[in-house]
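Structure data (compact mmCIF, C-alpha atoms) from entry10.txt:
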```txt
# COMPACT_ATOMS: atom_id res chain seq x y z
CA MET A 1 9.36 12.07 -46.01
CA ALA A 2 7.93 8.70 -45.19
CA LEU A 3 9.31 6.24 -42.69
CA SER A 4 9.14 2.50 -42.99
CA ASP A 5 8.14 0.31 -40.06
CA ASN A 6 11.77 -0.73 -39.67
CA ASN A 7 12.89 2.89 -39.43
CA CYS A 8 10.12 3.64 -36.96
CA GLN A 9 11.13 0.68 -34.84
CA SER A 10 14.69 1.98 -34.64
CA LEU A 11 13.43 5.15 -33.02
CA ILE A 12 12.05 3.46 -29.92
CA PRO A 13 13.58 1.09 -27.35
CA SER A 14 13.46 -2.56 -28.32
CA PHE A 15 11.28 -3.59 -25.40
CA LEU A 16 8.55 -1.36 -26.76
CA TYR A 17 8.35 -2.98 -30.20
CA SER A 18 8.41 -6.67 -29.46
CA THR A 19 5.97 -8.81 -31.42
CA SER A 20 3.33 -8.52 -28.72
CA SER A 21 3.91 -4.80 -28.27
CA LEU A 22 3.57 -4.00 -31.95
CA ALA A 23 0.27 -5.81 -32.04
CA SER A 24 -1.24 -3.49 -29.44
CA PRO A 25 -3.31 -0.48 -30.57
CA SER A 26 -1.18 1.93 -28.54
CA SER A 27 2.03 0.79 -30.28
CA LYS A 28 0.45 1.21 -33.71
CA LYS A 29 -0.68 4.71 -32.78
CA THR A 30 2.86 5.57 -31.67
CA LEU A 31 4.36 4.35 -34.95
CA ASP A 32 1.74 6.20 -36.98
CA PHE A 33 2.41 9.39 -35.01
CA ILE A 34 6.16 9.19 -35.66
CA SER A 35 5.62 8.41 -39.36
CA LYS A 36 3.34 11.41 -39.81
CA ASN A 37 5.61 13.81 -37.90
CA PRO A 38 9.10 13.58 -39.45
CA ASN A 39 9.89 17.06 -38.16
CA LEU A 40 10.36 15.51 -34.73
CA LEU A 41 13.69 14.07 -35.90
CA LEU A 42 16.68 15.77 -34.35
CA PRO A 43 19.30 17.23 -36.73
CA SER A 44 22.74 15.72 -36.45
CA ALA A 45 25.99 17.63 -36.31
CA ASN A 46 26.33 17.78 -40.12
CA GLY A 47 22.79 19.03 -40.61
CA VAL A 48 21.39 15.68 -41.73
CA SER A 49 18.45 14.37 -39.83
CA SER A 50 19.24 11.50 -37.51
CA LYS A 51 17.01 8.47 -37.81
CA ARG A 52 17.78 7.18 -34.33
CA SER A 53 16.57 10.03 -32.13
CA PHE A 54 13.51 12.19 -31.88
CA VAL A 55 12.02 14.71 -29.47
CA ILE A 56 8.45 14.90 -28.25
CA PRO A 57 7.71 18.16 -26.41
CA SER A 58 6.98 17.53 -22.76
CA PRO A 59 3.80 19.00 -21.30
CA SER A 60 4.25 22.16 -19.30
CA GLU A 61 4.36 21.33 -15.60
CA PRO A 62 2.73 23.57 -13.01
CA ARG A 63 5.07 25.44 -10.72
CA LYS A 64 6.02 23.26 -7.81
CA ILE A 65 6.28 24.40 -4.19
CA GLU A 66 9.72 23.96 -2.68
CA MET A 67 9.74 21.64 0.31
CA TYR A 68 9.89 23.36 3.71
CA SER A 69 9.66 26.82 2.20
CA PRO A 70 7.23 29.45 3.54
CA ALA A 71 4.90 28.61 0.66
CA PHE A 72 5.06 24.93 1.61
CA TYR A 73 4.04 25.61 5.23
CA ALA A 74 1.32 27.98 4.02
CA ALA A 75 -0.07 25.24 1.76
CA CYS A 76 -0.04 22.75 4.65
CA THR A 77 -1.84 25.26 6.87
CA ALA A 78 -4.48 25.98 4.23
CA GLY A 79 -5.00 22.26 3.66
CA GLY A 80 -5.46 21.71 7.38
CA ILE A 81 -8.02 24.51 7.64
CA LEU A 82 -10.10 23.15 4.77
CA SER A 83 -9.89 19.48 5.69
CA CYS A 84 -10.54 19.76 9.43
CA GLY A 85 -12.81 22.79 9.58
CA LEU A 86 -15.22 21.83 6.82
CA THR A 87 -15.47 18.13 7.68
CA HIS A 88 -16.18 18.74 11.37
CA MET A 89 -18.73 21.40 10.52
CA ALA A 90 -20.46 18.98 8.15
CA VAL A 91 -20.97 16.42 10.94
CA THR A 92 -22.23 18.98 13.48
CA PRO A 93 -25.64 17.22 13.80
CA LEU A 94 -24.00 13.94 14.75
CA ASP A 95 -21.64 15.68 17.17
CA LEU A 96 -24.60 17.51 18.70
CA VAL A 97 -26.45 14.28 19.40
CA LYS A 98 -23.30 12.63 20.77
CA CYS A 99 -22.65 15.45 23.25
CA ASN A 100 -26.26 15.44 24.46
CA MET A 101 -26.23 11.65 24.87
CA GLN A 102 -23.22 12.06 27.16
CA ILE A 103 -24.84 14.85 29.18
CA ASP A 104 -28.42 13.52 29.40
CA PRO A 105 -28.51 9.79 28.52
CA ALA A 106 -32.03 9.41 29.91
CA LYS A 107 -33.40 11.89 27.38
CA TYR A 108 -31.09 11.10 24.48
CA LYS A 109 -31.11 7.30 24.57
CA SER A 110 -29.75 6.62 21.10
CA ILE A 111 -28.68 8.39 17.95
CA SER A 112 -32.02 7.93 16.22
CA SER A 113 -34.10 8.99 19.21
CA GLY A 114 -31.68 11.87 19.83
CA PHE A 115 -32.30 13.24 16.35
CA GLY A 116 -36.02 12.89 17.01
CA VAL A 117 -35.79 14.88 20.24
CA LEU A 118 -33.81 17.64 18.58
CA LEU A 119 -36.21 17.86 15.64
CA ARG A 120 -39.20 17.95 17.96
CA GLU A 121 -37.83 20.59 20.34
CA GLN A 122 -35.68 22.78 18.12
CA GLY A 123 -36.64 22.04 14.54
CA PHE A 124 -34.28 21.37 11.68
CA LYS A 125 -32.27 24.51 12.48
CA GLY A 126 -31.35 23.00 15.83
CA PHE A 127 -29.28 20.30 14.14
CA PHE A 128 -26.57 22.85 13.39
CA ARG A 129 -26.45 24.63 16.73
CA GLY A 130 -22.81 25.39 17.48
CA TRP A 131 -21.57 25.15 13.89
CA VAL A 132 -19.63 28.44 14.04
CA PRO A 133 -17.35 27.51 16.99
CA THR A 134 -17.01 24.07 15.42
CA LEU A 135 -15.83 25.57 12.12
CA LEU A 136 -13.46 28.07 13.71
CA GLY A 137 -12.11 25.71 16.36
CA TYR A 138 -11.34 22.80 14.09
CA SER A 139 -10.01 25.09 11.37
CA ALA A 140 -7.49 26.42 13.90
CA GLN A 141 -6.71 22.88 14.99
CA GLY A 142 -6.20 21.69 11.42
CA ALA A 143 -3.97 24.65 10.57
CA CYS A 144 -1.68 23.94 13.53
CA LYS A 145 -1.83 20.17 13.14
CA PHE A 146 -0.79 20.08 9.48
CA GLY A 147 1.60 23.02 9.55
CA PHE A 148 3.45 22.19 12.76
CA TYR A 149 3.64 18.48 11.90
CA GLU A 150 5.77 19.27 8.86
CA PHE A 151 7.79 21.79 10.88
CA PHE A 152 8.55 19.41 13.75
CA LYS A 153 9.23 16.52 11.37
CA LYS A 154 12.01 18.52 9.73
CA TYR A 155 13.17 20.03 13.03
CA TYR A 156 13.64 16.67 14.74
CA SER A 157 15.21 15.17 11.61
CA ASP A 158 17.76 17.99 11.51
CA ILE A 159 18.60 17.44 15.18
CA ALA A 160 19.03 13.71 14.67
CA GLY A 161 21.15 14.06 11.55
CA PRO A 162 20.80 12.21 8.23
CA GLU A 163 21.85 8.79 9.53
CA TYR A 164 19.64 8.66 12.60
CA ALA A 165 16.81 10.48 10.84
CA ALA A 166 16.62 7.66 8.31
CA LYS A 167 17.08 4.95 10.95
CA TYR A 168 14.46 6.29 13.36
CA LYS A 169 12.11 7.88 10.85
CA THR A 170 8.97 6.40 12.40
CA LEU A 171 9.83 7.65 15.90
CA ILE A 172 10.66 11.10 14.54
CA TYR A 173 7.36 11.27 12.70
CA LEU A 174 5.51 10.18 15.84
CA ALA A 175 7.26 12.84 17.91
CA GLY A 176 6.48 15.49 15.29
CA SER A 177 2.84 14.46 15.16
CA ALA A 178 2.45 14.51 18.96
CA SER A 179 4.17 17.90 19.24
CA ALA A 180 1.91 19.37 16.57
CA GLU A 181 -1.18 17.96 18.28
CA VAL A 182 -0.27 19.60 21.61
CA ILE A 183 -0.30 23.02 19.93
CA ALA A 184 -3.34 22.21 17.79
CA ASP A 185 -5.44 21.30 20.83
CA VAL A 186 -4.49 24.55 22.56
CA ALA A 187 -5.91 26.35 19.53
CA LEU A 188 -9.04 24.19 19.53
CA CYS A 189 -9.90 24.12 23.25
CA PRO A 190 -11.59 27.55 23.66
CA MET A 191 -13.96 26.99 20.75
CA GLU A 192 -14.63 23.43 21.86
CA ALA A 193 -15.59 24.64 25.35
CA VAL A 194 -18.05 27.20 23.99
CA LYS A 195 -19.43 24.74 21.44
CA VAL A 196 -20.21 22.07 24.02
CA ARG A 197 -21.86 24.59 26.35
CA VAL A 198 -24.01 25.99 23.54
CA GLN A 199 -25.02 22.51 22.38
CA THR A 200 -25.76 20.91 25.73
CA GLN A 201 -27.08 23.70 27.96
CA PRO A 202 -30.48 24.93 26.75
CA GLY A 203 -30.87 28.69 26.91
CA PHE A 204 -27.18 29.34 27.51
CA ALA A 205 -26.59 31.07 24.17
CA ARG A 206 -27.62 31.00 20.54
CA GLY A 207 -24.08 30.61 19.23
CA LEU A 208 -20.54 31.90 19.38
CA GLY A 209 -21.40 35.61 19.32
CA ASP A 210 -23.24 35.64 22.66
CA GLY A 211 -21.88 32.34 23.98
CA PHE A 212 -18.19 33.28 24.09
CA PRO A 213 -18.52 36.46 26.24
CA ARG A 214 -21.06 34.73 28.51
CA PHE A 215 -18.73 31.79 29.01
CA VAL A 216 -15.76 34.05 29.85
CA LYS A 217 -17.94 36.07 32.23
CA SER A 218 -19.09 32.98 34.12
CA GLU A 219 -15.95 30.82 33.99
CA GLY A 220 -13.14 33.31 33.43
CA ALA A 221 -10.63 33.27 30.58
CA LEU A 222 -8.84 30.25 32.04
CA GLY A 223 -12.15 28.40 32.06
CA LEU A 224 -11.80 28.09 28.30
CA TYR A 225 -8.95 25.65 28.94
CA LYS A 226 -10.51 23.48 31.63
CA GLY A 227 -10.84 20.65 29.15
CA ILE A 228 -7.32 20.81 27.71
CA VAL A 229 -5.97 17.77 29.58
CA PRO A 230 -8.77 15.38 28.57
CA LEU A 231 -8.56 16.83 25.07
CA TRP A 232 -4.87 15.97 24.94
CA GLY A 233 -5.68 12.55 26.35
CA ARG A 234 -8.12 11.94 23.51
CA GLN A 235 -6.24 13.46 20.60
CA ILE A 236 -2.55 12.73 21.17
CA PRO A 237 -2.87 8.92 21.38
CA CYS A 238 -4.65 9.03 18.03
CA LYS A 239 -1.59 10.73 16.56
CA LEU A 240 0.72 8.27 18.29
CA ASN A 241 -0.91 5.30 16.60
CA ILE A 242 2.33 3.54 15.81
CA PHE A 243 0.61 0.88 13.72
CA HIS A 244 -0.70 3.55 11.36
CA HIS A 245 2.80 4.90 10.77
CA LEU A 246 4.34 1.46 10.48
CA PHE A 247 1.85 0.31 7.87
CA LEU A 248 2.08 3.64 6.04
CA ASN A 249 5.86 3.33 5.81
CA LEU A 250 5.50 -0.28 4.71
CA PHE A 251 3.16 0.60 1.84
CA LEU A 252 5.26 3.61 0.76
CA GLN A 253 8.46 1.61 0.47
```
As structure tokens, please, write out the structure in this file.
Amino acid sequence: MALSDNNCQSLIPSFLYSTSSLASPSSKKTLDFISKNPNLLLPSANGVSSKRSFVIPSPSEPRKIEMYSPAFYAACTAGGILSCGLTHMAVTPLDLVKCNMQIDPAKYKSISSGFGVLLREQGFKGFFRGWVPTLLGYSAQGACKFGFYEFFKKYYSDIAGPEYAAKYKTLIYLAGSASAEVIADVALCPMEAVKVRVQTQPGFARGLGDGFPRFVKSEGALGLYKGIVPLWGRQIPCKLNIFHHLFLNLFLQ
């Protein structure tokens, strides 16, 4: 069964087969495909094929995760672990130089000279000193940050109700982000404390395995959270960057 161009044109919306559209290669391919596949025509009620409708099988879609389901929060948590943990571990050498420049600026005068000092004194292996607490700490932070952000965003929206949730969406997102960051930094702080001590105090420990018990022995368990307030002071304002949320909402509209 062959189809003429006129019959083929009747199968598709008119805006797709204007003079300019029919001249395009993609339109010609579409018409050829329909002409060569007459079995795509739908049967009408009386068993005769209809010339005005056809069906193209849709591609199978992967199973989607339902919003705010346990699987959704698990996916957010896993994404946070991978994105935060791996990226911070990858920049451990730069973080190592930065921390030492803050502790001993006379010795570590710049980034380039700091790398030179580390290479000279500790070798290439020294560039990744403290990578284990960095990986674990920022993985825990990312898990809490991503997971609890989505939780608090829905929680505050439900409290506000549909009308106010839509009206004050930016403020609700900011509140959810700040709340998530408070919890995330509590998860990060112990590993951050051990990491900085391992990186900046020569001879303190080789890594997390001997550094964590030594830190607790010398500072006590509460000593792991001595830096929580400055950590909040650094991290929460980043999450409260109202211009970021405003521009994001602007571009998504």
Long-range neighbours of A:Cys84 as a count of residues only, 6 Å cut-off, all atoms listed in the file, 4 positions minimum in chain: 4
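For A:Leu188, the non-local neighbours within 7 Å, defined as residues at least 2 positions apart in the same chain or in other chains and counting only C-alpha atoms, are Gly137, Tyr138, Ala140, Gln141, Ala184, Asp185, Val186, Pro190, Met191 and Glu192 of chain A.
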Just checking: using all atoms listed in the file, which residue out of A:Ala74, A:Leu222, A:Val117, A:Ile228 ends up closest to A:Ala187?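 Answer, going by the shortest atom-to-atom distance: A:Ile228.
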Residue with smallest distance to A:Tyr173 - pool A:Ala193, A:Ala160, A:Pro202, A:Glu150, counting all atoms listed in the file: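 So, comparing all the options, the nearest one is A:Glu150.
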Residues near A:Gln102, cut-off 12 Å, all atoms listed in the file, skip fewer than 4 positions along chain, as a PDB file with C-alpha atoms, in the coordinates of the input:
```pdb
ATOM      1  CA  ASP A  95     -21.640  15.680  17.170  1.00  0.00           C
ATOM      2  CA  LEU A  96     -24.600  17.510  18.700  1.00  0.00           C
ATOM      3  CA  VAL A  97     -26.450  14.280  19.400  1.00  0.00           C
ATOM      4  CA  LYS A  98     -23.300  12.630  20.770  1.00  0.00           C
ATOM      5  CA  ALA A 106     -32.030   9.410  29.910  1.00  0.00           C
ATOM      6  CA  LYS A 107     -33.400  11.890  27.380  1.00  0.00           C
ATOM      7  CA  TYR A 108     -31.090  11.100  24.480  1.00  0.00           C
ATOM      8  CA  LYS A 109     -31.110   7.300  24.570  1.00  0.00           C
ATOM      9  CA  SER A 110     -29.750   6.620  21.100  1.00  0.00           C
ATOM     10  CA  ILE A 111     -28.680   8.390  17.950  1.00  0.00           C
ATOM     11  CA  GLY A 114     -31.680  11.870  19.830  1.00  0.00           C
ATOM     12  CA  VAL A 196     -20.210  22.070  24.020  1.00  0.00           C
ATOM     13  CA  GLN A 199     -25.020  22.510  22.380  1.00  0.00           C
ATOM     14  CA  THR A 200     -25.760  20.910  25.730  1.00  0.00           C
TER      15      THR A 200
END
```
Residues within 7 Å of A:Lys153, please, as a short mmCIF file (atom, residue, chain, number, x, y, z; two decimals) with C-alpha atoms, in the coordinates of the input. Count all atoms listed in the file; anything in the same chain fewer than 4 positions from it doesn't count.
```cif
data_model
loop_
_atom_site.label_atom_id
_atom_site.label_comp_id
_atom_site.auth_asym_id
_atom_site.auth_seq_id
_atom_site.Cartn_x
_atom_site.Cartn_y
_atom_site.Cartn_z
CA TYR A 149 3.64 18.48 11.90
CA SER A 157 15.21 15.17 11.61
CA ILE A 172 10.66 11.10 14.54
CA TYR A 173 7.36 11.27 12.70
CA GLY A 176 6.48 15.49 15.29
#
```
Between A:Leu224, A:Ala75, A:Val229, A:Ala180, which residue has the minimum interatomic distance to A:Arg197, considering all atoms listed in the file?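 Nearest to A:Arg197: A:Leu224.
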As a check of understanding: the span from atom CA of A:Gly227 to atom CA of A:Val182 is 13.0 Å
I'd like to know which of A:Cys189, A:Leu135, A:Gly203, A:Ser177 is closest to A:Leu231, using all atoms listed in the file.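 Closest residue, counting all atoms listed in the file: A:Cys189.
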Pick from A:Glu163, A:Pro93, A:Leu136, A:Lys195, whichever lies nearest to A:Phe115 using only C-alpha atoms: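 Closest to A:Phe115 of all the choices is A:Pro93.
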Atom pair atom CA of A:Pro70 + atom CA of A:Ala175, distance 22.0 Å
What does the structure give for the distance between atom CA of A:Gly147 and atom CA of A:Thr77, in Å to one decimal?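 Between atom CA of A:Gly147 and atom CA of A:Thr77 the gap works out to 4.9 Å.
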Distance criterion (all atoms listed in the file): nearest to A:Ser83 out of A:Lys125, A:Gly233, A:Lys145, A:Pro133: A:Lys145
